[in-house]
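**Q** What follows is work.txt, made up of compact mmCIF, N, CA and C atoms:
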# COMPACT_ATOMS: atom_id res chain seq x y z
N MET A 275 33.52 60.31 86.76
CA MET A 275 32.96 59.12 87.37
C MET A 275 33.93 58.66 88.45
N SER A 276 33.45 58.53 89.68
CA SER A 276 34.33 58.03 90.72
C SER A 276 33.57 57.13 91.69
N PHE A 277 34.29 56.16 92.19
CA PHE A 277 33.77 55.21 93.18
C PHE A 277 34.27 55.66 94.54
N THR A 278 33.42 55.60 95.53
CA THR A 278 33.78 55.99 96.89
C THR A 278 33.95 54.72 97.73
N VAL A 279 35.08 54.64 98.42
CA VAL A 279 35.35 53.51 99.30
C VAL A 279 35.32 54.05 100.73
N LYS A 280 34.41 53.51 101.54
CA LYS A 280 34.24 53.99 102.92
C LYS A 280 34.47 52.84 103.89
N GLY A 281 35.01 53.18 105.04
CA GLY A 281 35.21 52.18 106.08
C GLY A 281 35.50 52.85 107.41
N ILE A 282 35.47 52.05 108.46
CA ILE A 282 35.79 52.53 109.79
C ILE A 282 37.17 52.01 110.16
N GLY A 283 38.05 52.93 110.54
CA GLY A 283 39.40 52.55 110.93
C GLY A 283 39.67 52.88 112.38
N GLN A 284 40.89 52.74 112.77
CA GLN A 284 41.31 52.96 114.15
C GLN A 284 40.99 54.38 114.63
N HIS A 285 41.03 55.34 113.71
CA HIS A 285 40.84 56.74 114.10
C HIS A 285 39.54 57.33 113.57
N GLY A 286 38.60 56.48 113.18
CA GLY A 286 37.31 56.98 112.69
C GLY A 286 37.04 56.60 111.26
N GLU A 287 36.09 57.31 110.64
CA GLU A 287 35.67 56.98 109.28
C GLU A 287 36.72 57.41 108.26
N LEU A 288 36.95 56.54 107.28
CA LEU A 288 37.87 56.82 106.18
C LEU A 288 37.06 56.84 104.89
N VAL A 289 37.38 57.76 104.00
CA VAL A 289 36.71 57.85 102.71
C VAL A 289 37.78 58.06 101.65
N HIS A 290 37.76 57.21 100.63
CA HIS A 290 38.70 57.32 99.51
C HIS A 290 37.90 57.31 98.21
N ARG A 291 38.41 57.96 97.19
CA ARG A 291 37.76 57.96 95.89
C ARG A 291 38.70 57.31 94.87
N ARG A 292 38.12 56.50 94.00
CA ARG A 292 38.88 55.83 92.95
C ARG A 292 38.13 55.94 91.63
N LYS A 293 38.87 55.93 90.51
CA LYS A 293 38.25 56.12 89.19
C LYS A 293 37.57 54.88 88.64
N THR A 294 38.02 53.69 89.04
CA THR A 294 37.45 52.46 88.50
C THR A 294 37.01 51.54 89.63
N SER A 295 36.13 50.61 89.29
CA SER A 295 35.68 49.65 90.30
C SER A 295 36.83 48.75 90.73
N GLU A 296 37.74 48.42 89.80
CA GLU A 296 38.88 47.59 90.16
C GLU A 296 39.78 48.29 91.17
N ALA A 297 40.01 49.58 90.96
CA ALA A 297 40.83 50.36 91.90
C ALA A 297 40.12 50.47 93.25
N ALA A 298 38.80 50.61 93.23
CA ALA A 298 38.03 50.68 94.48
C ALA A 298 38.13 49.36 95.24
N LEU A 299 38.02 48.24 94.53
CA LEU A 299 38.15 46.93 95.17
C LEU A 299 39.54 46.74 95.77
N LYS A 300 40.55 47.18 95.04
CA LYS A 300 41.92 47.07 95.54
C LYS A 300 42.08 47.88 96.83
N LYS A 301 41.53 49.09 96.86
CA LYS A 301 41.61 49.93 98.05
C LYS A 301 40.83 49.30 99.19
N ALA A 302 39.67 48.73 98.90
CA ALA A 302 38.86 48.07 99.94
C ALA A 302 39.63 46.90 100.56
N ARG A 303 40.31 46.11 99.73
CA ARG A 303 41.11 44.99 100.25
C ARG A 303 42.24 45.51 101.13
N GLU A 304 42.89 46.59 100.68
CA GLU A 304 43.98 47.18 101.46
C GLU A 304 43.46 47.67 102.81
N MET A 305 42.30 48.31 102.81
CA MET A 305 41.72 48.80 104.06
C MET A 305 41.40 47.64 104.99
N SER A 306 40.89 46.57 104.44
CA SER A 306 40.56 45.39 105.25
C SER A 306 41.81 44.80 105.88
N ARG A 307 42.89 44.70 105.10
CA ARG A 307 44.15 44.16 105.61
C ARG A 307 44.72 45.01 106.75
N THR A 308 44.44 46.31 106.73
CA THR A 308 45.00 47.19 107.75
C THR A 308 44.07 47.34 108.96
N GLY A 309 43.00 46.53 109.01
CA GLY A 309 42.15 46.51 110.19
C GLY A 309 40.87 47.30 110.11
N CYS A 310 40.57 47.89 108.96
CA CYS A 310 39.31 48.62 108.81
C CYS A 310 38.16 47.63 108.76
N TYR A 311 36.99 48.09 109.13
CA TYR A 311 35.79 47.25 109.08
C TYR A 311 34.62 48.08 108.56
N ASP A 312 33.49 47.43 108.34
CA ASP A 312 32.29 48.07 107.79
C ASP A 312 32.64 48.80 106.49
N ILE A 313 33.33 48.10 105.59
CA ILE A 313 33.80 48.69 104.34
C ILE A 313 32.69 48.61 103.29
N HIS A 314 32.48 49.73 102.61
CA HIS A 314 31.48 49.84 101.55
C HIS A 314 32.10 50.50 100.33
N ILE A 315 31.58 50.15 99.16
CA ILE A 315 31.94 50.85 97.93
C ILE A 315 30.65 51.42 97.37
N VAL A 316 30.66 52.72 97.06
CA VAL A 316 29.50 53.39 96.49
C VAL A 316 29.83 53.72 95.03
N THR A 317 28.97 53.28 94.11
CA THR A 317 29.18 53.52 92.69
C THR A 317 28.87 54.98 92.35
N PRO A 318 29.30 55.42 91.16
CA PRO A 318 28.96 56.79 90.74
C PRO A 318 27.45 57.03 90.67
N GLU A 319 26.69 55.96 90.48
CA GLU A 319 25.23 56.08 90.42
C GLU A 319 24.59 56.12 91.82
N GLY A 320 25.39 55.89 92.86
CA GLY A 320 24.89 55.96 94.22
C GLY A 320 24.56 54.62 94.86
N ARG A 321 24.77 53.51 94.16
CA ARG A 321 24.49 52.18 94.72
C ARG A 321 25.57 51.85 95.73
N ASP A 322 25.17 51.48 96.92
CA ASP A 322 26.08 51.17 98.02
C ASP A 322 26.25 49.66 98.15
N TYR A 323 27.48 49.18 98.00
CA TYR A 323 27.78 47.75 98.11
C TYR A 323 28.52 47.49 99.41
N ALA A 324 27.96 46.65 100.27
CA ALA A 324 28.65 46.20 101.47
C ALA A 324 29.70 45.17 101.05
N SER A 325 30.64 44.87 101.92
CA SER A 325 31.74 43.96 101.56
C SER A 325 31.24 42.59 101.11
N ALA A 326 30.14 42.12 101.65
CA ALA A 326 29.59 40.82 101.23
C ALA A 326 29.06 40.87 99.80
N GLU A 327 28.85 42.05 99.26
CA GLU A 327 28.31 42.21 97.90
C GLU A 327 29.36 42.60 96.87
N PHE A 328 30.63 42.66 97.27
CA PHE A 328 31.67 43.11 96.35
C PHE A 328 31.73 42.26 95.08
N GLY A 329 31.36 41.00 95.17
CA GLY A 329 31.34 40.14 93.98
C GLY A 329 30.30 40.58 92.97
N ASP A 330 29.29 41.32 93.42
CA ASP A 330 28.24 41.82 92.53
C ASP A 330 28.56 43.18 91.94
N LEU A 331 29.64 43.79 92.38
CA LEU A 331 30.01 45.13 91.91
C LEU A 331 30.33 45.09 90.42
N PRO A 332 29.67 45.93 89.63
CA PRO A 332 29.97 45.93 88.18
C PRO A 332 31.41 46.34 87.93
N ARG A 333 32.07 45.64 87.04
CA ARG A 333 33.46 45.94 86.70
C ARG A 333 33.50 47.08 85.70
N THR A 334 34.51 47.92 85.82
CA THR A 334 34.70 49.03 84.90
C THR A 334 35.32 48.49 83.62
N HIS A 335 34.71 48.82 82.51
CA HIS A 335 35.25 48.38 81.22
C HIS A 335 36.17 49.47 80.69
N VAL A 336 37.46 49.17 80.67
CA VAL A 336 38.45 50.12 80.19
C VAL A 336 38.95 49.63 78.85
N ALA A 337 38.83 50.46 77.84
CA ALA A 337 39.28 50.07 76.51
C ALA A 337 40.80 50.02 76.50
N GLU A 338 41.33 48.89 76.07
CA GLU A 338 42.77 48.73 76.01
C GLU A 338 43.25 49.22 74.66
N GLN A 339 44.26 50.07 74.67
CA GLN A 339 44.79 50.60 73.42
C GLN A 339 45.72 49.58 72.79
N PRO A 340 45.66 49.43 71.47
CA PRO A 340 46.54 48.46 70.81
C PRO A 340 48.01 48.79 71.06
N GLY A 341 48.79 47.75 71.25
CA GLY A 341 50.23 47.93 71.44
C GLY A 341 50.62 48.23 72.88
N GLN A 342 49.69 48.42 73.76
CA GLN A 342 50.00 48.74 75.15
C GLN A 342 50.37 47.51 75.95
N LYS A 343 49.82 46.36 75.57
CA LYS A 343 50.02 45.15 76.35
C LYS A 343 51.43 44.59 76.15
N ASN A 344 52.06 44.22 77.26
CA ASN A 344 53.39 43.61 77.24
C ASN A 344 54.45 44.47 76.55
N ARG A 345 54.36 45.76 76.70
CA ARG A 345 55.37 46.63 76.11
C ARG A 345 56.63 46.53 76.96
N THR A 346 57.75 46.29 76.33
CA THR A 346 59.02 46.20 77.05
C THR A 346 60.02 47.16 76.45
N HIS A 347 61.02 47.46 77.20
CA HIS A 347 62.09 48.32 76.72
C HIS A 347 62.87 47.54 75.66
N PRO A 348 63.27 48.20 74.56
CA PRO A 348 63.92 47.47 73.45
C PRO A 348 65.19 46.73 73.85
N ILE A 349 65.91 47.21 74.86
CA ILE A 349 67.14 46.52 75.23
C ILE A 349 67.05 45.88 76.61
N ALA A 350 65.83 45.76 77.11
CA ALA A 350 65.67 45.16 78.44
C ALA A 350 66.23 43.74 78.44
N GLY A 351 67.06 43.46 79.40
CA GLY A 351 67.61 42.13 79.54
C GLY A 351 68.85 41.88 78.69
N SER A 352 69.20 42.84 77.83
CA SER A 352 70.35 42.62 76.96
C SER A 352 71.64 43.20 77.53
N HIS A 353 71.59 43.71 78.73
CA HIS A 353 72.79 44.25 79.35
C HIS A 353 72.82 43.86 80.83
N GLN A 354 74.02 43.85 81.36
CA GLN A 354 74.15 43.53 82.77
C GLN A 354 73.97 44.79 83.59
N ARG A 355 73.28 44.65 84.69
CA ARG A 355 73.06 45.79 85.56
C ARG A 355 74.35 46.18 86.29
N PHE A 356 75.08 45.17 86.70
CA PHE A 356 76.33 45.39 87.43
C PHE A 356 77.47 44.71 86.66
N PRO A 357 78.07 45.39 85.70
CA PRO A 357 79.15 44.75 84.94
C PRO A 357 80.32 44.37 85.84
N ARG A 358 80.99 43.31 85.46
CA ARG A 358 82.12 42.83 86.26
C ARG A 358 83.42 43.37 85.78
Can you give me the file's structure in the form of structure tokens?
**A**
Amino acid sequence: MSFTVKGIGQHGELVHRRKTSEAALKKAREMSRTGCYDIHIVTPEGRDYASAEFGDLPRTHVAEQPGQKNRTHPIAGSHQRFPR
């Protein structure tokens, strides 16, 4: 399953593929910031969303595995990076 992000840039048409709708939206925002225009996201089912419709784009539901959230290194913060 992949989402296609299309837009027109300084050197012509750009096409990127992303695995999730969130990643596609992130790429679309990045393309917009760099001056691309006429940006569209196409879903795996073939539905084409223009930038004005990005709010209607279905979000990808990714199952979060238990214990993955806020995982930190066991000694993070307990040592100085630059000892004196």
**Q** So that I can see what lies close to Ser325 of chain A, please list as a list in words the residues with an atom at most 7 Å from it, counting all atoms listed in the file and leaving out residues fewer than 5 positions away in the same chain.
**A**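 Non-adjacent residues within range: Asp312, Ile313, His314 and Ile315 of chain A.
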**Q** Show which residues sit within 12 Å of Glu304 of chain A, as a PDB file with N, CA and C atoms, in the frame of the given file. Count only C-alpha atoms, and ignore same-chain residues fewer than 6 positions away.
**A**
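So part_2.pdb came out as:
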ATOM      1  N   VAL A 279      35.080  54.640  98.420  1.00  0.00           N
ATOM      2  CA  VAL A 279      35.350  53.510  99.300  1.00  0.00           C
ATOM      3  C   VAL A 279      35.320  54.050 100.730  1.00  0.00           C
ATOM      4  N   LYS A 280      34.410  53.510 101.540  1.00  0.00           N
ATOM      5  CA  LYS A 280      34.240  53.990 102.920  1.00  0.00           C
ATOM      6  C   LYS A 280      34.470  52.840 103.890  1.00  0.00           C
ATOM      7  N   GLY A 281      35.010  53.180 105.040  1.00  0.00           N
ATOM      8  CA  GLY A 281      35.210  52.180 106.080  1.00  0.00           C
ATOM      9  C   GLY A 281      35.500  52.850 107.410  1.00  0.00           C
ATOM     10  N   GLY A 283      38.050  52.930 110.540  1.00  0.00           N
ATOM     11  CA  GLY A 283      39.400  52.550 110.930  1.00  0.00           C
ATOM     12  C   GLY A 283      39.670  52.880 112.380  1.00  0.00           C
ATOM     13  N   HIS A 290      37.760  57.210 100.630  1.00  0.00           N
ATOM     14  CA  HIS A 290      38.700  57.320  99.510  1.00  0.00           C
ATOM     15  C   HIS A 290      37.900  57.310  98.210  1.00  0.00           C
ATOM     16  N   ALA A 297      40.010  49.580  90.960  1.00  0.00           N
ATOM     17  CA  ALA A 297      40.830  50.360  91.900  1.00  0.00           C
ATOM     18  C   ALA A 297      40.120  50.470  93.250  1.00  0.00           C
ATOM     19  N   ALA A 298      38.800  50.610  93.230  1.00  0.00           N
ATOM     20  CA  ALA A 298      38.030  50.680  94.480  1.00  0.00           C
ATOM     21  C   ALA A 298      38.130  49.360  95.240  1.00  0.00           C
ATOM     22  N   CYS A 310      40.570  47.890 108.960  1.00  0.00           N
ATOM     23  CA  CYS A 310      39.310  48.620 108.810  1.00  0.00           C
ATOM     24  C   CYS A 310      38.160  47.630 108.760  1.00  0.00           C
ATOM     25  N   TYR A 311      36.990  48.090 109.130  1.00  0.00           N
ATOM     26  CA  TYR A 311      35.790  47.250 109.080  1.00  0.00           C
ATOM     27  C   TYR A 311      34.620  48.080 108.560  1.00  0.00           C
ATOM     28  N   ILE A 313      33.330  48.100 105.590  1.00  0.00           N
ATOM     29  CA  ILE A 313      33.800  48.690 104.340  1.00  0.00           C
ATOM     30  C   ILE A 313      32.690  48.610 103.290  1.00  0.00           C
TER      31      ILE A 313
END
**Q** Can you work out the spacing between atom CA of Glu296 of chain A and atom CA of Gly320 of chain A in Å, to one decimal?
**A**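 Separating atom CA of Glu296 of chain A from atom CA of Gly320 of chain A is a distance of 16.8 Å.
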**Q** Calculated over only C-alpha atoms, which of the candidates A:Thr294, A:Thr308, A:Glu327, A:Thr317 has the smallest distance to Ile282 of chain A?
**A**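 Closest residue, counting only C-alpha atoms: A:Thr308.
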**Q** Have a look at atom C of Phe328 of chain A and atom CA of Leu288 of chain A and let me know their distance in Å, one decimal.
**A**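 These two atoms are separated by 19.3 Å.
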**Q** To one decimal place, how far is atom N of Val289 of chain A from atom C of Asp322 of chain A in Å?
**A**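 These two atoms are separated by 15.0 Å.
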**Q** Would you mind telling me which residue in A:Lys300, A:His285, A:Arg333, A:Arg291 lies nearest to Val316 of chain A when using only C-alpha atoms?
**A**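 Closest residue, counting only C-alpha atoms: A:Arg291.
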**Q** Using all atoms listed in the file, find the one residue out of A:Arg303, A:Gly329, A:Gly309, A:Pro318 that sits nearest to Phe277 of chain A.
**A**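 Between A:Arg303, A:Gly329, A:Gly309, A:Pro318, the residue approaching Phe277 of chain A most closely is A:Pro318.
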